[in-house]
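Enquirer: Next up is a structure, given as structure tokens.
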Amino acid sequence: MREFAEQELVRREKLEKIKELGIDPFGHKYDVTDFSSNIKNKYQDKTHEELEELDAQVSVAGRIMFIRKMGKASFFSVKDKLGNIQIYISINDVGEETYNLFKSADIGDIVGIKGTVMKTKTGEITIKCHEYTHLVKSLRPLPEKYHGLSDIEERFRRRYVDLIMNDDARRIAFARPKIIRSIQKYLDNLGYVEVETPILGTILGGAAARPFVTHHNAQNIDMYLRIATELSLKRLLVGGMDAVYEIGRLFRNEGMDRKHNPEFTTIEVYKAFSDLEGMMDITEGIVSTCAMELNGTYELDYLGHHLNLAPGFKRAHMVDLIKEKTGIDFFQNMSFDEAKKLAIANGIEIEPHFGYGHIVNAFFEKYVEDTIIEPTFVYGHPIEISPLAKKDPNDSRFTQRFELFIAGSEYANAFTELNDPIDQYERFESQLKEKDLGNEEANEMDIDFVEALEYGMPPAGGMGMGIDRLVMLLTGSETIREVILFPTMKPLDKSKGM
């Protein structure tokens, strides 16, 4: 049986009294015509006398966040989607019955206010209440100092409370869709078409990651939650949709940390007759456009670094960056054994499936990745870790691929897309060999995709970008949990009731 704290019991008693007055404690439709910050912005420059003359009538609804009761007149504040606004209520304006109803209100209750905009002696824009409507009785008290919770995970478990109490959480929640709309508008204006592709599939491909596995009862087959949208989108290029993108959820069965959540959002973009350079331009355009549209500037401070996201990002080859940090030049001809000796000498662990390119990538991850601060396109990834990218025509050990790094984190991954079906088939076979050697993130053979390429896919560029990380960057959020409204959490044991 559920047990209630003393404050909860008091609120339930008030609930019954509201019912006795013939008022629905959980309300009905209410006509909202104005929002808090809009009212403040519109009337802030007016004097008290000018507002009296204007007689501006407004109707707002929100949650009571503060109450100062003073006999026959009181002040309180309500919070709507745009912020807080102060309300002045007097028994002379609303009558004794309504004023007594207000006096029984608790912080957290949702109410409707109709009234006139005024300015107090201290200069605060306030609504003088003429009509007070109880809408929803809050049965649980709000925390007094929500930012001070010792268990920070409660913010993410009870995101609804976080959004009530934490203005920064609300700011991020509204910023995220603005960023996504900016991306859509930018690409739509370039002639791209937004599409949807399957979330469930029978073949693991498009990225190196461990999947979530589920089961389709009717077909009696195991299926994967997608780890990437790449192969489906490239099939559309074969079909003649020459510029496509998808913003959608991906699922990877991996650990959780500051930058990773098992369920996350990406955008993948594919353009026929483009290449790596074209994808650099598109990626740069998305990041810089979103920064300007959200914040009004290309500059921002993030994780202790001052960054400039204006177009013109640095472009550097992975091997050159490794040489800058370690003095080792992987452009030189060397055997796998020679590379392996260098790796061991530099503290890099060799895994069973490693080839030459895995060692090059391991050097980059250990000695370079965290040191990249300003936006930088790192290109020229080894072929072993790039099964879907075209080979570098000047050095077949490397590919026409880039990753965008900012402040030590990866934000985007792009290729000049591999469209040779023979080469693609061989790459898939190499991935199967890696899987046999213990690489659980290796791609599987997607013979249907190979057959699609055999019909002919135009030369193309493709790019994938993490939406969550972009939102983190542009809102100054340090963890991915801040920018996902409901991040994955270990469930609590509620067997003893709520």
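Going through the structure tokens in order, the chains are called A, B, and so on, while each chain numbers its residues from 1 and the ligands are numbered from 1 in the order shown.
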Give me, as a Markdown table, each residue of range 348-417 of chain A that comes within 7 Å of range 265-287 of chain A, together with its shortest interatomic pair and the distance in Å at one decimal, counting only C-alpha atoms, with rows ordered by chain and rising residue number.
Expert:
```
| residue | atom | partner | partner_atom | distance |
| --- | --- | --- | --- | --- |
| A:Gln400 | CA | A:Leu276 | CA | 6.5 |
| A:Arg401 | CA | A:Leu276 | CA | 6.7 |
| A:Ala414 | CA | A:Met279 | CA | 6.8 |
| A:Phe415 | CA | A:Leu276 | CA | 5.6 |
| A:Thr416 | CA | A:Asp275 | CA | 4.7 |
```
Enquirer: For range 50-149 of chain A against range 12-27 of chain A, with a cut-off of 12 Å and counting only C-alpha atoms, what is the closest atom pair and its distance in Å to one decimal for every residue that makes the cut, ordered by chain and number, as a Markdown table?
Expert:
```
| residue | atom | partner | partner_atom | distance |
| --- | --- | --- | --- | --- |
| A:Ala61 | CA | A:Gly27 | CA | 11.8 |
| A:Glu97 | CA | A:Leu21 | CA | 10.0 |
| A:Thr98 | CA | A:Leu21 | CA | 10.8 |
| A:Asn100 | CA | A:Ile18 | CA | 11.2 |
| A:Leu101 | CA | A:Ile18 | CA | 8.2 |
| A:Phe102 | CA | A:Ile18 | CA | 10.9 |
| A:Lys103 | CA | A:Lys14 | CA | 11.1 |
| A:Ser104 | CA | A:Lys14 | CA | 7.3 |
| A:Ala105 | CA | A:Lys14 | CA | 8.5 |
| A:Asp106 | CA | A:Lys14 | CA | 9.4 |
| A:Asp109 | CA | A:Pro25 | CA | 9.8 |
| A:Ile110 | CA | A:Phe26 | CA | 9.0 |
| A:Val111 | CA | A:Gly27 | CA | 9.1 |
| A:Gly112 | CA | A:Gly27 | CA | 10.1 |
| A:Thr133 | CA | A:Gly27 | CA | 9.0 |
| A:His134 | CA | A:Gly27 | CA | 7.2 |
| A:Leu135 | CA | A:Gly27 | CA | 4.2 |
| A:Val136 | CA | A:Phe26 | CA | 4.3 |
| A:Lys137 | CA | A:Pro25 | CA | 5.5 |
| A:Ser138 | CA | A:Leu15 | CA | 8.9 |
| A:Leu139 | CA | A:Arg12 | CA | 6.4 |
| A:Arg140 | CA | A:Arg12 | CA | 9.3 |
| A:Pro141 | CA | A:Arg12 | CA | 11.4 |
```
Enquirer: Which polymer residues have any atom within 7 Å of an atom of Pro382 in chain A, counting only C-alpha atoms, with same-chain residues fewer than 6 positions away left out, as a list of chain:residue names?
Expert: A:Gly357, A:Arg397, A:Phe398, A:Thr399
Enquirer: Could you write out that same residue set with C-alpha atoms as a PDB file, in the first residue's frame?
Expert:
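Once written, result05.pdb looks like this:
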```pdb
ATOM      1  CA  GLY A 357      45.673   0.365 -40.304  1.00  0.00           C
ATOM      2  CA  ARG A 397      46.430   1.763 -47.385  1.00  0.00           C
ATOM      3  CA  PHE A 398      44.232   4.789 -46.673  1.00  0.00           C
ATOM      4  CA  THR A 399      40.748   5.973 -47.651  1.00  0.00           C
TER       5      THR A 399
END
```
Enquirer: Looking only at strand (DSSP E or B) from DSSP on the backbone, list the matching residues of range 14-205 of chain A as an MDAnalysis selection string.
Expert: chainID A and resid 57:70 73:80 83:90 110:119 125:136 193:194 200:201
Enquirer: Could you turn the residues from that selection into a file that holds C-alpha atoms, as an mmCIF file, in the first residue's frame?
Expert:
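Wrote out_7.cif, looks like this:
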```
data_model
loop_
_atom_site.group_PDB
_atom_site.id
_atom_site.type_symbol
_atom_site.label_atom_id
_atom_site.label_comp_id
_atom_site.auth_asym_id
_atom_site.auth_seq_id
_atom_site.Cartn_x
_atom_site.Cartn_y
_atom_site.Cartn_z
ATOM 1 C CA GLN A 57 -5.450 42.650 -21.013
ATOM 2 C CA VAL A 58 -3.638 39.295 -20.974
ATOM 3 C CA SER A 59 -4.436 35.664 -20.216
ATOM 4 C CA VAL A 60 -1.696 33.322 -19.009
ATOM 5 C CA ALA A 61 -1.479 29.872 -17.441
ATOM 6 C CA GLY A 62 1.336 28.270 -15.543
ATOM 7 C CA ARG A 63 2.640 26.627 -12.414
ATOM 8 C CA ILE A 64 2.784 28.551 -9.136
ATOM 9 C CA MET A 65 6.464 28.847 -8.141
ATOM 10 C CA PHE A 66 6.299 31.440 -5.351
ATOM 11 C CA ILE A 67 3.599 32.793 -3.017
ATOM 12 C CA ARG A 68 3.706 35.760 -0.644
ATOM 13 C CA LYS A 69 0.328 35.982 1.112
ATOM 14 C CA MET A 70 -0.486 39.316 2.779
ATOM 15 C CA ALA A 73 -3.801 41.081 -1.197
ATOM 16 C CA SER A 74 -0.927 38.831 -2.241
ATOM 17 C CA PHE A 75 1.830 38.367 -4.771
ATOM 18 C CA PHE A 76 2.743 35.103 -6.450
ATOM 19 C CA SER A 77 4.561 34.004 -9.581
ATOM 20 C CA VAL A 78 3.642 31.527 -12.260
ATOM 21 C CA LYS A 79 5.974 29.745 -14.644
ATOM 22 C CA ASP A 80 4.937 29.017 -18.219
ATOM 23 C CA GLY A 83 9.675 31.758 -17.879
ATOM 24 C CA ASN A 84 8.195 33.387 -14.781
ATOM 25 C CA ILE A 85 5.907 36.355 -14.317
ATOM 26 C CA GLN A 86 4.619 38.000 -11.136
ATOM 27 C CA ILE A 87 0.889 38.148 -10.322
ATOM 28 C CA TYR A 88 -0.852 40.577 -7.967
ATOM 29 C CA ILE A 89 -4.151 39.324 -6.579
ATOM 30 C CA SER A 90 -6.526 41.229 -4.299
ATOM 31 C CA ILE A 110 -1.269 25.033 -12.134
ATOM 32 C CA VAL A 111 -3.546 28.046 -12.495
ATOM 33 C CA GLY A 112 -4.956 30.391 -15.116
ATOM 34 C CA ILE A 113 -4.774 34.174 -14.771
ATOM 35 C CA LYS A 114 -6.630 36.867 -16.651
ATOM 36 C CA GLY A 115 -5.714 40.420 -15.842
ATOM 37 C CA THR A 116 -4.127 43.759 -16.685
ATOM 38 C CA VAL A 117 -0.412 44.405 -17.179
ATOM 39 C CA MET A 118 0.993 46.771 -14.554
ATOM 40 C CA LYS A 119 4.369 47.770 -13.160
ATOM 41 C CA ILE A 125 6.209 43.852 -14.844
ATOM 42 C CA THR A 126 3.232 42.223 -13.109
ATOM 43 C CA ILE A 127 -0.233 41.019 -14.014
ATOM 44 C CA LYS A 128 -3.014 42.468 -11.875
ATOM 45 C CA CYS A 129 -5.371 39.505 -11.572
ATOM 46 C CA HIS A 130 -9.059 39.997 -12.373
ATOM 47 C CA GLU A 131 -9.930 36.334 -12.894
ATOM 48 C CA TYR A 132 -8.223 33.432 -11.086
ATOM 49 C CA THR A 133 -8.859 29.871 -12.280
ATOM 50 C CA HIS A 134 -7.695 26.744 -10.514
ATOM 51 C CA LEU A 135 -6.563 24.239 -13.180
ATOM 52 C CA VAL A 136 -4.538 21.417 -11.621
ATOM 53 C CA VAL A 193 15.108 15.391 -49.315
ATOM 54 C CA GLU A 194 14.445 14.096 -45.796
ATOM 55 C CA LEU A 200 14.676 -3.006 -37.548
ATOM 56 C CA GLY A 201 16.934 -5.060 -39.803
#
```
Enquirer: Need to verify the contact set: Ile322 in chain A, 10 Å, only C-alpha atoms, exclusion of same-chain residues closer than 2 positions in sequence. Can you return it as a compact mmCIF listing (two decimals) with N, CA and C atoms, in the first residue's frame?
Expert:
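Okay, this is what ended up in selection_26.txt:
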```
# COMPACT_ATOMS: atom_id res chain seq x y z
N HIS A 317 45.62 15.61 -42.58
CA HIS A 317 45.68 14.15 -42.74
C HIS A 317 46.04 13.50 -41.40
N MET A 318 45.39 12.38 -41.11
CA MET A 318 45.63 11.67 -39.86
C MET A 318 47.10 11.35 -39.67
N VAL A 319 47.77 10.89 -40.71
CA VAL A 319 49.18 10.49 -40.61
C VAL A 319 50.06 11.70 -40.29
N ASP A 320 49.75 12.86 -40.88
CA ASP A 320 50.52 14.07 -40.58
C ASP A 320 50.36 14.49 -39.12
N GLU A 324 53.25 14.79 -36.21
CA GLU A 324 53.47 15.99 -35.41
C GLU A 324 53.64 15.67 -33.93
N LYS A 325 52.86 14.68 -33.44
CA LYS A 325 52.87 14.36 -32.01
C LYS A 325 53.92 13.33 -31.61
N THR A 326 54.24 12.41 -32.54
CA THR A 326 55.12 11.29 -32.15
C THR A 326 56.41 11.21 -32.95
N GLY A 327 56.47 11.92 -34.07
CA GLY A 327 57.65 11.81 -34.94
C GLY A 327 57.62 10.61 -35.85
N ILE A 328 56.61 9.76 -35.74
CA ILE A 328 56.50 8.54 -36.56
C ILE A 328 55.73 8.86 -37.84
N ASP A 329 56.29 8.48 -38.99
CA ASP A 329 55.67 8.76 -40.27
C ASP A 329 55.11 7.48 -40.87
N PHE A 330 53.80 7.31 -40.78
CA PHE A 330 53.16 6.09 -41.29
C PHE A 330 52.95 6.14 -42.80
N VAL A 360 47.74 2.32 -36.95
CA VAL A 360 47.76 3.75 -37.24
C VAL A 360 46.64 4.46 -36.48
N ASN A 361 45.46 3.90 -36.52
CA ASN A 361 44.31 4.50 -35.83
C ASN A 361 44.52 4.53 -34.32
N PHE A 363 47.36 4.82 -32.77
CA PHE A 363 48.28 5.93 -32.50
C PHE A 363 47.52 7.26 -32.48
N PHE A 364 46.62 7.44 -33.45
CA PHE A 364 45.84 8.68 -33.49
C PHE A 364 44.99 8.84 -32.24
N GLU A 365 44.29 7.77 -31.85
CA GLU A 365 43.40 7.85 -30.69
C GLU A 365 44.17 8.13 -29.41
N LYS A 366 45.38 7.59 -29.30
CA LYS A 366 46.13 7.76 -28.05
C LYS A 366 46.86 9.10 -27.98
N TYR A 367 47.43 9.54 -29.09
CA TYR A 367 48.33 10.69 -29.04
C TYR A 367 47.79 11.98 -29.66
N VAL A 368 46.70 11.88 -30.43
CA VAL A 368 46.26 13.06 -31.17
C VAL A 368 44.85 13.51 -30.80
N GLU A 369 43.92 12.59 -30.76
CA GLU A 369 42.49 12.92 -30.70
C GLU A 369 42.15 13.95 -29.63
```
Enquirer: Considering only C-alpha atoms, give me a table of residues in range 205-249 of chain A that are at most 12 Å from range 165-184 of chain A, with the closest atom pair and distance in Å for each, as JSON lines.
Expert:
```
{"residue": "A:Val244", "atom": "CA", "partner": "A:Gln184", "partner_atom": "CA", "distance": 11.1}
{"residue": "A:Tyr245", "atom": "CA", "partner": "A:Gln184", "partner_atom": "CA", "distance": 9.0}
{"residue": "A:Glu246", "atom": "CA", "partner": "A:Gln184", "partner_atom": "CA", "distance": 9.5}
{"residue": "A:Ile247", "atom": "CA", "partner": "A:Ile180", "partner_atom": "CA", "distance": 8.4}
{"residue": "A:Gly248", "atom": "CA", "partner": "A:Ile180", "partner_atom": "CA", "distance": 10.8}
```
Enquirer: Enumerate, as JSON, numbers by chain, the complete set of residues in range 193-408 of chain A that a backbone-based DSSP assignment places in alpha helix (DSSP H).
Expert: {"A": [230, 231, 232, 233, 234, 235, 236, 237, 238, 276, 277, 278, 279, 280, 281, 282, 283, 284, 285, 286, 287, 288, 289, 290, 291, 292, 293, 294, 295, 318, 319, 320, 321, 322, 323, 324, 325, 326, 336, 337, 338, 339, 340, 341, 342, 343, 344, 345, 356, 357, 358, 359, 360, 361, 362, 363, 364, 365, 366, 367]}
Enquirer: Atoms to include: C-alpha atoms. Write the selected residues as a PDB file, in the first residue's frame.
Expert:
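Done, and the output landed in part-v9.pdb:
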```
ATOM      1  CA  GLU A 230      24.004   4.348 -44.107  1.00  0.00           C
ATOM      2  CA  LEU A 231      23.308   1.302 -46.256  1.00  0.00           C
ATOM      3  CA  SER A 232      19.597   2.032 -46.624  1.00  0.00           C
ATOM      4  CA  LEU A 233      20.258   5.629 -47.619  1.00  0.00           C
ATOM      5  CA  LYS A 234      22.851   4.642 -50.217  1.00  0.00           C
ATOM      6  CA  ARG A 235      20.320   2.270 -51.755  1.00  0.00           C
ATOM      7  CA  LEU A 236      18.236   5.397 -52.399  1.00  0.00           C
ATOM      8  CA  LEU A 237      21.123   6.900 -54.364  1.00  0.00           C
ATOM      9  CA  VAL A 238      21.053   3.786 -56.547  1.00  0.00           C
ATOM     10  CA  LEU A 276      34.891  14.132 -49.471  1.00  0.00           C
ATOM     11  CA  GLU A 277      35.460  17.821 -50.159  1.00  0.00           C
ATOM     12  CA  GLY A 278      31.749  18.318 -50.765  1.00  0.00           C
ATOM     13  CA  MET A 279      30.936  16.640 -47.466  1.00  0.00           C
ATOM     14  CA  MET A 280      33.423  18.887 -45.658  1.00  0.00           C
ATOM     15  CA  ASP A 281      31.579  21.908 -47.037  1.00  0.00           C
ATOM     16  CA  ILE A 282      28.173  20.498 -46.016  1.00  0.00           C
ATOM     17  CA  THR A 283      29.366  19.567 -42.502  1.00  0.00           C
ATOM     18  CA  GLU A 284      30.995  22.934 -41.956  1.00  0.00           C
ATOM     19  CA  GLY A 285      27.850  24.645 -43.177  1.00  0.00           C
ATOM     20  CA  ILE A 286      25.600  22.710 -40.804  1.00  0.00           C
ATOM     21  CA  VAL A 287      27.730  23.426 -37.721  1.00  0.00           C
ATOM     22  CA  SER A 288      28.331  27.110 -38.439  1.00  0.00           C
ATOM     23  CA  THR A 289      24.712  27.756 -39.475  1.00  0.00           C
ATOM     24  CA  CYS A 290      23.323  26.128 -36.323  1.00  0.00           C
ATOM     25  CA  ALA A 291      25.737  28.089 -34.137  1.00  0.00           C
ATOM     26  CA  MET A 292      24.714  31.394 -35.655  1.00  0.00           C
ATOM     27  CA  GLU A 293      20.974  30.692 -35.675  1.00  0.00           C
ATOM     28  CA  LEU A 294      20.909  29.451 -32.075  1.00  0.00           C
ATOM     29  CA  ASN A 295      23.399  31.787 -30.407  1.00  0.00           C
ATOM     30  CA  MET A 318      45.627  11.665 -39.864  1.00  0.00           C
ATOM     31  CA  VAL A 319      49.180  10.493 -40.610  1.00  0.00           C
ATOM     32  CA  ASP A 320      50.522  14.075 -40.585  1.00  0.00           C
ATOM     33  CA  LEU A 321      48.909  14.729 -37.204  1.00  0.00           C
ATOM     34  CA  ILE A 322      50.426  11.522 -35.779  1.00  0.00           C
ATOM     35  CA  LYS A 323      53.840  12.562 -37.056  1.00  0.00           C
ATOM     36  CA  GLU A 324      53.472  15.994 -35.412  1.00  0.00           C
ATOM     37  CA  LYS A 325      52.867  14.364 -32.005  1.00  0.00           C
ATOM     38  CA  THR A 326      55.121  11.290 -32.153  1.00  0.00           C
ATOM     39  CA  PHE A 336      52.963  -4.953 -40.151  1.00  0.00           C
ATOM     40  CA  ASP A 337      55.690  -6.341 -37.857  1.00  0.00           C
ATOM     41  CA  GLU A 338      57.554  -3.032 -37.958  1.00  0.00           C
ATOM     42  CA  ALA A 339      54.370  -1.147 -37.158  1.00  0.00           C
ATOM     43  CA  LYS A 340      53.616  -3.597 -34.368  1.00  0.00           C
ATOM     44  CA  LYS A 341      57.034  -3.016 -32.778  1.00  0.00           C
ATOM     45  CA  LEU A 342      56.449   0.740 -32.856  1.00  0.00           C
ATOM     46  CA  ALA A 343      53.056   0.263 -31.240  1.00  0.00           C
ATOM     47  CA  ILE A 344      54.431  -1.885 -28.417  1.00  0.00           C
ATOM     48  CA  ALA A 345      57.268   0.585 -27.852  1.00  0.00           C
ATOM     49  CA  TYR A 356      48.518  -2.134 -40.150  1.00  0.00           C
ATOM     50  CA  GLY A 357      45.673   0.365 -40.304  1.00  0.00           C
ATOM     51  CA  HIS A 358      44.359  -0.498 -36.846  1.00  0.00           C
ATOM     52  CA  ILE A 359      47.774   0.402 -35.440  1.00  0.00           C
ATOM     53  CA  VAL A 360      47.762   3.751 -37.245  1.00  0.00           C
ATOM     54  CA  ASN A 361      44.312   4.500 -35.833  1.00  0.00           C
ATOM     55  CA  ALA A 362      45.397   3.441 -32.337  1.00  0.00           C
ATOM     56  CA  PHE A 363      48.275   5.934 -32.498  1.00  0.00           C
ATOM     57  CA  PHE A 364      45.839   8.676 -33.493  1.00  0.00           C
ATOM     58  CA  GLU A 365      43.405   7.854 -30.689  1.00  0.00           C
ATOM     59  CA  LYS A 366      46.134   7.757 -28.050  1.00  0.00           C
ATOM     60  CA  TYR A 367      48.333  10.689 -29.043  1.00  0.00           C
TER      61      TYR A 367
END
```
Enquirer: Rank A:Pro262, A:Gly304, A:Pro143, A:Pro352 by their smallest atom-to-atom distance to Met489 in chain A, using only C-alpha atoms, and report the top residue only.
Expert: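 Closest to Met489 in chain A of all the choices is A:Pro262.
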Enquirer: Please identify all polymer residues within 6 Å of Glu417 in chain A, counting only C-alpha atoms, omitting same-chain residues fewer than 2 positions from it, and present them as a compact mmCIF listing (two decimals) with C-alpha atoms, in the first residue's frame.
Expert:
```
# COMPACT_ATOMS: atom_id res chain seq x y z
CA ALA A 389 34.91 4.41 -47.98
CA LYS A 390 36.75 4.71 -51.29
CA PHE A 415 33.42 9.34 -46.88
CA ALA A 460 28.85 10.17 -54.01
CA GLY A 461 29.76 11.72 -50.72
```
Enquirer: Suppose you want the space between CA of Arg258 in chain A and CA of Thr214 in chain A; what is it in Å?
Expert: 26.7 Å
Enquirer: Which one is closest to Thr488 in chain A: A:Ile348, A:Leu54, A:Met256, A:Val450? Count only C-alpha atoms.
Expert: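 Result for the nearest residue to Thr488 in chain A: A:Met256.
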Enquirer: With only C-alpha atoms as the basis for distance, which of A:Ile39, A:Leu388, A:Leu142, A:Ile480 is at the shortest distance from Arg158 in chain A?
Expert: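 Checking each candidate against Arg158 in chain A, we get A:Leu142 as the closest.
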